[in-house]
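Down below is the structure, laid out as structure tokens.
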Amino acid sequence: MKIKYNLIKTDKNCKARLGNIETNYGTVETPMFMPVGTRATVKSLSPEEVLECGSGIILANTYHLWLRPGEDIVKKCGGLHKFMNWNGPILTDSGGFQVFSLAKNKKKDITEEGVHFKSHIDGSKLLLTPEKSIEIQNKLDSDIAMSFDECPPASADYEYLKNSVERTLRWAERGKKVHKNPNQALFGIVQGGPHEDLRKFSAEETVKMNFDGYSIGGVANDGESKEDMYKAIDYSIPYLPEDKVRYLMGVGDPIDILEGIMRGVDIFDCVLPTRIARHGQAFTHTGKINLNNSKYKEDLSSVEDGCDCYCCKNYTKAYIRHLISVDETFGGRLLSIHNIRFLIRLTEEVRQAIKDDRFLDYKREFLNKYKTK
RNA sequence: GCGCCGUUGGUGAAGUGGUUAACACGCUAGUUUGUGGCACUAGUAUGCAUGAGUUCGAUUCUCAUACGACGCC
């Protein structure tokens, strides 16, 4: 079966929603945070460890798996779940973001047909089209596939965004036509930058195509202000159906997650917890800390008091600082576990708060403690 | 004892008679939002072994001293 989204309730005081998603690989509760496993692995963690962090779902990336090992190999191995030994649901990104990301430094060639660009591995010329992206995702056999969209930079002007929104709609339609996997849901993506009319248009037109869920894209790009991100959400959500799940792509700063939930978002994903972990930083309820800092040299406390993760239950800051400073991968691994657990725990607490209709109180209390400086 | 060479920051080292002493590593701090990232950004010697001299001016020239390397007796 395809996924099924069940809305359980909405917080009385805001748009925060409590729900769950039924999939062939079990049910996951929303709001939720999805760790990123770009190349069929959440960097440095085993599936068991990801599960132990409380995550029931992960994200994998179409572009990267297309290049290596190739979707046919994954298919031969029995699909992505079997291939990577992950028995929970998997969401695949369409590759749209990679095109944007690759095009940041190099010349991109976005045409009506698709996007021409060069492989980051060997420089060979590639063409990714809406049809190709869906075909790859079908073969990967993820539970949730994304439409192939254009993810414009935050600096794009109105005219560019308008054209981009229209092109993304045409691409969504083309992708939907070739989508064949009966066990895989397909999401449409809302674009339009921070502009109210473009978001409205994009959302309404995308919803008309009747996707299994809806993503809000084009946010969290470099240089984008928080205000623009929140606008993008505010201007998209009202036009999305209540009974379909909403996914804010690429967002994972704790504050942004709470802001998103308050505005009606159900799913988040982000590389932040694992990336900053590899660079020595950890989320805590009082803000982000940097284990590189010399003040932790002799600190025998855990990364965060009261945290129930494997890292905090067994290791000191002094030890982790040492690992990070001598470049041992175990340090980043421990912090990845902690950071993912931190965000998952955040969503667990949020779900309870929504149950009690006190999400806004929870959010206020969290923000009071969480220093960004 | 004599000869010869050397002595620049935490480390390896560039360099010049004249405003701010290159670069690298390290160290310190910051950044990171659908992962081309173990990456990026910034800071880090008021001082060039010590003392004296030459000079308008010396880390750069001269002499002495200390320390170190090498060679000879």
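So you can find residues: chains in the structure tokens are A, B, ... in the order shown, residues in each start at 1, and ligands are numbered from 1 in order.
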
For segment 249-262 of chain A: contacts at 8 Å, only C-alpha atoms (C1' of nucleotides), fewer than 6 positions along chain excluded, given as a ChimeraX atom specification: /A:14-17,31,33,215-220,230,233,268-273,343,346,359-360,363,367 /B:33-34

Contact set, chain B to chain A: 9 Å, only C-alpha atoms (C1' of nucleotides), as a count of residues only: 10

Residues within 9 Å of segment 173-186 of chain A, only C-alpha atoms (C1' of nucleotides), excluding chain neighbours under 6 positions, as a ChimeraX atom specification: /A:1-4,23-24,129-135,137-139,141-148,206,209,211-214

Let's have the selection written as a compact mmCIF listing (two decimals), in the first residue's frame, with N, CA and C atoms.
# COMPACT_ATOMS: atom_id res chain seq x y z
N MET A 1 0.83 -1.21 0.00
CA MET A 1 0.00 0.00 0.00
C MET A 1 0.86 1.25 0.00
N LYS A 2 0.25 2.34 -0.37
CA LYS A 2 0.92 3.62 -0.24
C LYS A 2 0.77 4.08 1.20
N ILE A 3 1.51 5.09 1.57
CA ILE A 3 1.39 5.59 2.95
C ILE A 3 -0.02 6.13 3.20
N LYS A 4 -0.37 6.15 4.47
CA LYS A 4 -1.64 6.77 4.83
C LYS A 4 -1.40 7.73 5.98
N THR A 23 2.82 3.09 7.02
CA THR A 23 3.55 2.65 5.84
C THR A 23 3.68 1.13 5.88
N ASN A 24 4.21 0.57 4.82
CA ASN A 24 4.44 -0.87 4.79
C ASN A 24 5.52 -1.28 5.78
N THR A 129 15.92 14.42 -15.50
CA THR A 129 14.60 14.92 -15.90
C THR A 129 13.59 14.47 -14.85
N PRO A 130 12.40 15.06 -14.86
CA PRO A 130 11.36 14.64 -13.92
C PRO A 130 11.06 13.15 -14.07
N GLU A 131 11.02 12.67 -15.31
CA GLU A 131 10.73 11.25 -15.54
C GLU A 131 11.84 10.37 -14.98
N LYS A 132 13.08 10.79 -15.24
CA LYS A 132 14.23 10.00 -14.81
C LYS A 132 14.26 9.93 -13.28
N SER A 133 14.02 11.04 -12.63
CA SER A 133 14.06 11.08 -11.17
C SER A 133 13.03 10.11 -10.58
N ILE A 134 11.83 10.13 -11.13
CA ILE A 134 10.78 9.25 -10.61
C ILE A 134 11.11 7.79 -10.90
N GLU A 135 11.63 7.56 -12.09
CA GLU A 135 12.00 6.20 -12.48
C GLU A 135 13.06 5.64 -11.51
N GLN A 137 13.61 6.64 -8.42
CA GLN A 137 12.99 6.47 -7.11
C GLN A 137 12.08 5.23 -7.08
N ASN A 138 11.41 4.97 -8.19
CA ASN A 138 10.60 3.75 -8.29
C ASN A 138 11.46 2.51 -8.06
N LYS A 139 12.63 2.53 -8.70
CA LYS A 139 13.52 1.38 -8.58
C LYS A 139 14.14 1.29 -7.19
N ASP A 141 12.73 2.00 -4.64
CA ASP A 141 11.64 1.44 -3.85
C ASP A 141 11.51 2.08 -2.47
N SER A 142 11.70 3.39 -2.44
CA SER A 142 11.46 4.12 -1.18
C SER A 142 9.96 4.16 -0.93
N ASP A 143 9.58 4.53 0.28
CA ASP A 143 8.16 4.58 0.62
C ASP A 143 7.52 5.89 0.19
N ILE A 144 8.35 6.93 0.21
CA ILE A 144 7.86 8.24 -0.21
C ILE A 144 8.85 8.82 -1.21
N ALA A 145 8.35 9.18 -2.38
CA ALA A 145 9.19 9.79 -3.41
C ALA A 145 8.83 11.27 -3.54
N MET A 146 9.80 12.04 -3.99
CA MET A 146 9.57 13.46 -4.20
C MET A 146 9.51 13.77 -5.68
N SER A 147 8.65 14.70 -6.04
CA SER A 147 8.65 15.19 -7.41
C SER A 147 9.96 15.91 -7.67
N PHE A 148 10.36 15.92 -8.93
CA PHE A 148 11.59 16.62 -9.30
C PHE A 148 11.26 18.10 -9.48
N THR A 206 -0.44 22.69 -7.30
CA THR A 206 0.14 21.39 -6.95
C THR A 206 -0.93 20.49 -6.32
N MET A 209 -3.24 18.49 -8.45
CA MET A 209 -2.73 17.24 -9.03
C MET A 209 -2.92 16.06 -8.09
N PHE A 211 -1.53 14.92 -4.94
CA PHE A 211 -0.40 14.10 -4.50
C PHE A 211 -0.72 13.45 -3.16
N ASP A 212 0.15 12.52 -2.76
CA ASP A 212 -0.06 11.81 -1.49
C ASP A 212 0.37 12.64 -0.29
N GLY A 213 1.10 13.69 -0.56
CA GLY A 213 1.55 14.58 0.50
C GLY A 213 2.21 15.78 -0.16
N TYR A 214 2.52 16.80 0.65
CA TYR A 214 3.05 18.02 0.05
C TYR A 214 4.28 18.52 0.79

Selection near U8 of chain B, 12 Å with only C-alpha atoms (C1' of nucleotides), sequence-local residues under 5 positions removed, as a list of chain:residue names: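 These residues fall inside the cut-off: B:A13, B:A14, B:G15, B:A21, B:A45, B:G47, B:C48, B:A49, B:U59, B:U60.
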
Members of segment 125-269 of chain A assigned helix (DSSP H, G or I) by DSSP, as a VMD selection string: chain A and resid 130 to 140 158 to 178 196 to 208 226 to 239 254 to 262

All strand (DSSP E) residues (DSSP, backbone) inside segment 93-257 of chain A, as a list in words: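 Across segment 93-257 of chain A, those assigned strand (DSSP E) are Asp93, Asp109, Ile110, Val115, His116, Phe117, Lys118, Lys125, Leu126, Leu127, Leu128, Ile144, Ala145, Met146, Ala185, Leu186, Phe187, Gly188, Ile189, Val190, Gly213, Tyr214, Ser215, Ile216, Val245, Arg246, Tyr247 and Leu248 of chain A.
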
Contacts of Asp356 of chain A within 12 Å, only C-alpha atoms (C1' of nucleotides), excl. fewer than 2 positions in-chain, as a PyMOL selection string: chain A and resi 9-13+16-18+349-354+358-362
